[in-house]
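Visitor: Okay, handing you the structure first.
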Amino acid sequence: MLHQNPVVSDALATAVSSGIALSVLWLFEETANLGLFDQKLNWKLLHVSFGLVFMLCWPLFSSGHRGALLAATIPGVNIIRMLLVGSGIWKDEATVKSMSRFGQHRELLEGPLYYALTITFACAYYWRTSPIAIAAICNLCAGDGFADIIGRRLGQHKIPYNRNKSLAGSIAMGCAGFLASLGFMSYFSSFGYIRGSWEMVSGFLMVSLASALVESHSLSSQLDDNLTVPLTCALLGSLVF
């Protein structure tokens with residue numbers, strides 16, 4: 001709690017978390033403008049960073065519905081932003097550069113929009129007492145992000161059933177999603193929001209392996225892995241947690 005009054009505390013938490021989230025977005029807008037990374041890598045670094053940094057802010061909020069909903073407004077604003085910029089109503093070249101692979105504003109209506117929707121829903125519906133929220137965000141951000149980063153650099157060996165995906169990328173996804181999930185299990189356990197256990201660890205492992213398998217399938221390329229991975233986490237997570 002940032003203040004003795006819980007309403008004021010949540011308002012302060014929203015302001016602080018919004019500032020942190022905007023700083024992350026601004027950082028990768030600047031790296032895109034400066035050309036420090038190629039466009040695909042810049043988007044994936046933002047993809048990895050935003051959701052995980054945002055989740056680190058969750059303990060600032062109160063435990064009830066108000067805290068969850070106020071926290072969810074932060075990525076929720078990005079949903080509106082993706083719709084406006086992606087549809088061309090709002091011209092924002094910096095956002096398009098930092099959040100797209102090929103520099104087309106319509107791309108924001110696909111992966112980046114699904115990304116913002118996932119984090120908003122995980123925050124508002126599951127919140128920090130649910131391992132499903134941890135699994136969904138960690139496998140989407142760390143898992144899917146590192147699958148692309150590692151796969152493009154060490155992806156010489158392709159998966160037999162999908163030549164567009166590599167063994168290195170899928171292994172990186174499973175490992176990164178699982179390790180990030182364990183990190184946030186320990187983080188939230190330290191605040192008493194969840195109780196870590198070996199059963200939860202095995203659940204995270206199963207969800208991360210399933211997410212990597214789904215991401216490697218051609219169906220994820222046809223739909224969007226920012227959609228199929230969170231759905232896999234939510235469906236399997238409801239069975240193993």
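Chain labels follow the order of the structure tokens: the first chain is A, the next B, and so on; residue numbering restarts at 1 in every chain, and ligands are counted from 1 in their shown order.
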Which residues of stretch 119-176 of chain A have any atom within 10 Å of an atom in stretch 185-189 of chain A when counting only C-alpha atoms, and what is the closest pair of atoms for each, with the distance in Å to one decimal? Order the rows by chain and rising number and write it as JSON lines.
Guide:
```
{"residue": "A:Arg128", "atom": "CA", "partner": "A:Phe188", "partner_atom": "CA", "distance": 7.2}
{"residue": "A:Thr129", "atom": "CA", "partner": "A:Phe188", "partner_atom": "CA", "distance": 8.0}
{"residue": "A:Ser130", "atom": "CA", "partner": "A:Met185", "partner_atom": "CA", "distance": 9.7}
{"residue": "A:Pro131", "atom": "CA", "partner": "A:Met185", "partner_atom": "CA", "distance": 7.5}
{"residue": "A:Ile134", "atom": "CA", "partner": "A:Met185", "partner_atom": "CA", "distance": 7.4}
{"residue": "A:Ala135", "atom": "CA", "partner": "A:Met185", "partner_atom": "CA", "distance": 9.4}
```
Visitor: Run DSSP on the backbone and grab whatever in stretch 115-181 of chain A lands in strand (DSSP E or B); send it over as a PyMOL selection string.
Guide: chain A and resi 158-159+162-166
Visitor: Residues of stretch 59-170 of chain A within 7 Å of stretch 199-221 of chain A: nearest atom pair and distance (Å, one decimal) for each, counting only C-alpha atoms, sorted by chain and number, as a Markdown table?
Guide:
```
| residue | atom | partner | partner_atom | distance |
| --- | --- | --- | --- | --- |
| A:Ala135 | CA | A:Phe204 | CA | 6.5 |
| A:Asn139 | CA | A:Ser208 | CA | 6.4 |
| A:Asn162 | CA | A:Ser218 | CA | 6.1 |
| A:Lys165 | CA | A:Ser216 | CA | 5.9 |
| A:Ser170 | CA | A:Ala212 | CA | 5.5 |
```
Visitor: How close does each residue of stretch 107-154 of chain A get to stretch 35-50 of chain A, giving the shortest atom pair and distance in Å to one decimal for every residue with an atom at most 10 Å away, counting only C-alpha atoms, sorted by chain and residue number, as JSON lines?
Guide:
```
{"residue": "A:Gly111", "atom": "CA", "partner": "A:His47", "partner_atom": "CA", "distance": 9.9}
{"residue": "A:Pro112", "atom": "CA", "partner": "A:His47", "partner_atom": "CA", "distance": 8.5}
{"residue": "A:Tyr115", "atom": "CA", "partner": "A:His47", "partner_atom": "CA", "distance": 8.2}
{"residue": "A:Ala116", "atom": "CA", "partner": "A:Phe50", "partner_atom": "CA", "distance": 9.8}
{"residue": "A:Ile119", "atom": "CA", "partner": "A:Phe50", "partner_atom": "CA", "distance": 9.7}
{"residue": "A:Ile137", "atom": "CA", "partner": "A:Val48", "partner_atom": "CA", "distance": 9.6}
{"residue": "A:Cys138", "atom": "CA", "partner": "A:Val48", "partner_atom": "CA", "distance": 8.6}
{"residue": "A:Asn139", "atom": "CA", "partner": "A:Val48", "partner_atom": "CA", "distance": 9.6}
{"residue": "A:Leu140", "atom": "CA", "partner": "A:Val48", "partner_atom": "CA", "distance": 8.1}
{"residue": "A:Cys141", "atom": "CA", "partner": "A:Val48", "partner_atom": "CA", "distance": 4.4}
{"residue": "A:Ala142", "atom": "CA", "partner": "A:Val48", "partner_atom": "CA", "distance": 5.0}
{"residue": "A:Gly143", "atom": "CA", "partner": "A:Val48", "partner_atom": "CA", "distance": 8.1}
{"residue": "A:Asp144", "atom": "CA", "partner": "A:Val48", "partner_atom": "CA", "distance": 8.0}
{"residue": "A:Gly145", "atom": "CA", "partner": "A:Val48", "partner_atom": "CA", "distance": 5.3}
{"residue": "A:Phe146", "atom": "CA", "partner": "A:Val48", "partner_atom": "CA", "distance": 7.6}
{"residue": "A:Ala147", "atom": "CA", "partner": "A:Lys44", "partner_atom": "CA", "distance": 9.6}
{"residue": "A:Asp148", "atom": "CA", "partner": "A:Lys44", "partner_atom": "CA", "distance": 7.4}
{"residue": "A:Ile149", "atom": "CA", "partner": "A:Leu41", "partner_atom": "CA", "distance": 6.8}
{"residue": "A:Arg152", "atom": "CA", "partner": "A:Leu41", "partner_atom": "CA", "distance": 9.5}
```
Visitor: Please produce a file of the residues just selected, as a CSV table (one decimal), in the first residue's frame, where the atoms kept are C-alpha atoms.
Guide:
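Produced file part.csv, reproduced below:
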```
chain,number,residue,atom,x,y,z
A,111,GLY,CA,-0.4,-9.4,-32.7
A,112,PRO,CA,0.0,-6.2,-30.7
A,115,TYR,CA,-1.0,-9.0,-26.7
A,116,ALA,CA,-2.7,-6.0,-25.1
A,119,ILE,CA,-2.5,-8.8,-20.5
A,137,ILE,CA,1.8,-13.5,-19.5
A,138,CYS,CA,5.1,-15.3,-19.0
A,139,ASN,CA,4.6,-17.6,-21.9
A,140,LEU,CA,3.3,-14.8,-24.1
A,141,CYS,CA,6.0,-12.3,-23.2
A,142,ALA,CA,9.2,-14.3,-22.3
A,143,GLY,CA,8.3,-17.5,-24.1
A,144,ASP,CA,7.1,-16.2,-27.4
A,145,GLY,CA,9.5,-13.3,-27.4
A,146,PHE,CA,12.6,-15.5,-27.0
A,147,ALA,CA,11.3,-18.1,-29.4
A,148,ASP,CA,11.6,-15.5,-32.1
A,149,ILE,CA,14.8,-13.9,-30.9
A,152,ARG,CA,16.1,-16.2,-35.9
```
Visitor: Select from chain A everything DSSP, run on the backbone, classes as alpha helix (DSSP H), then give the selection as an MDAnalysis selection string.
Guide: chainID A and resid 6:34 39:56 65:86 93:99 111:121 131:138 144:154 167:190 198:216 218:222 225:240
Visitor: Let me make sure I understand: among A:Gly103, A:Gly88, A:Gly174, A:Pro75, which one has the smallest atom-to-atom distance to A:Leu22 if we use only C-alpha atoms?
Guide: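 Of all the options, A:Pro75 lies closest to A:Leu22.
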Visitor: Considering only C-alpha atoms, return as number ranges by chain whatever protein or nucleic-acid residues lie within 12 Å of A:Arg66, sequence-local ones (same chain, fewer than 2 positions apart) excluded.
Guide: A: 6-11, 13-14, 61-64, 68-73, 123-125, 127
Visitor: How far is it from atom CA of A:Ala21 to atom CA of A:Val53, in Å with one decimal?
Guide: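 Interatomic distance, atom CA of A:Ala21 to atom CA of A:Val53: 7.5 Å.
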Visitor: List the neighbours of A:Lys97 out to 8 Å using only C-alpha atoms; skip same-chain residues closer than 2 positions along the sequence, and give me the result as JSON, numbers by chain.
Guide: {"A": [29, 32, 33, 39, 93, 94, 95, 99, 100, 101, 103]}
Visitor: Mind checking which residues fall within 6 Å of A:His105, counting only C-alpha atoms, ignoring those fewer than 3 positions away in the same chain, and posting them as an MDAnalysis selection string?
Guide: chainID A and resid 86 96 108
Visitor: Kindly save the residues from that selection, with N, CA and C atoms included, as a short mmCIF file (atom, residue, chain, number, x, y, z; two decimals), in the first residue's frame.
Guide:
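The resulting selection17.cif:
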```
data_model
loop_
_atom_site.label_atom_id
_atom_site.label_comp_id
_atom_site.auth_asym_id
_atom_site.auth_seq_id
_atom_site.Cartn_x
_atom_site.Cartn_y
_atom_site.Cartn_z
N GLY A 86 -3.84 1.34 -35.52
CA GLY A 86 -3.93 0.26 -36.50
C GLY A 86 -4.93 0.52 -37.60
N VAL A 96 4.06 2.63 -34.59
CA VAL A 96 4.08 1.64 -35.67
C VAL A 96 5.47 1.04 -35.80
N LEU A 108 -0.80 -3.62 -36.26
CA LEU A 108 -1.16 -3.38 -34.86
C LEU A 108 -2.52 -3.95 -34.52
#
```
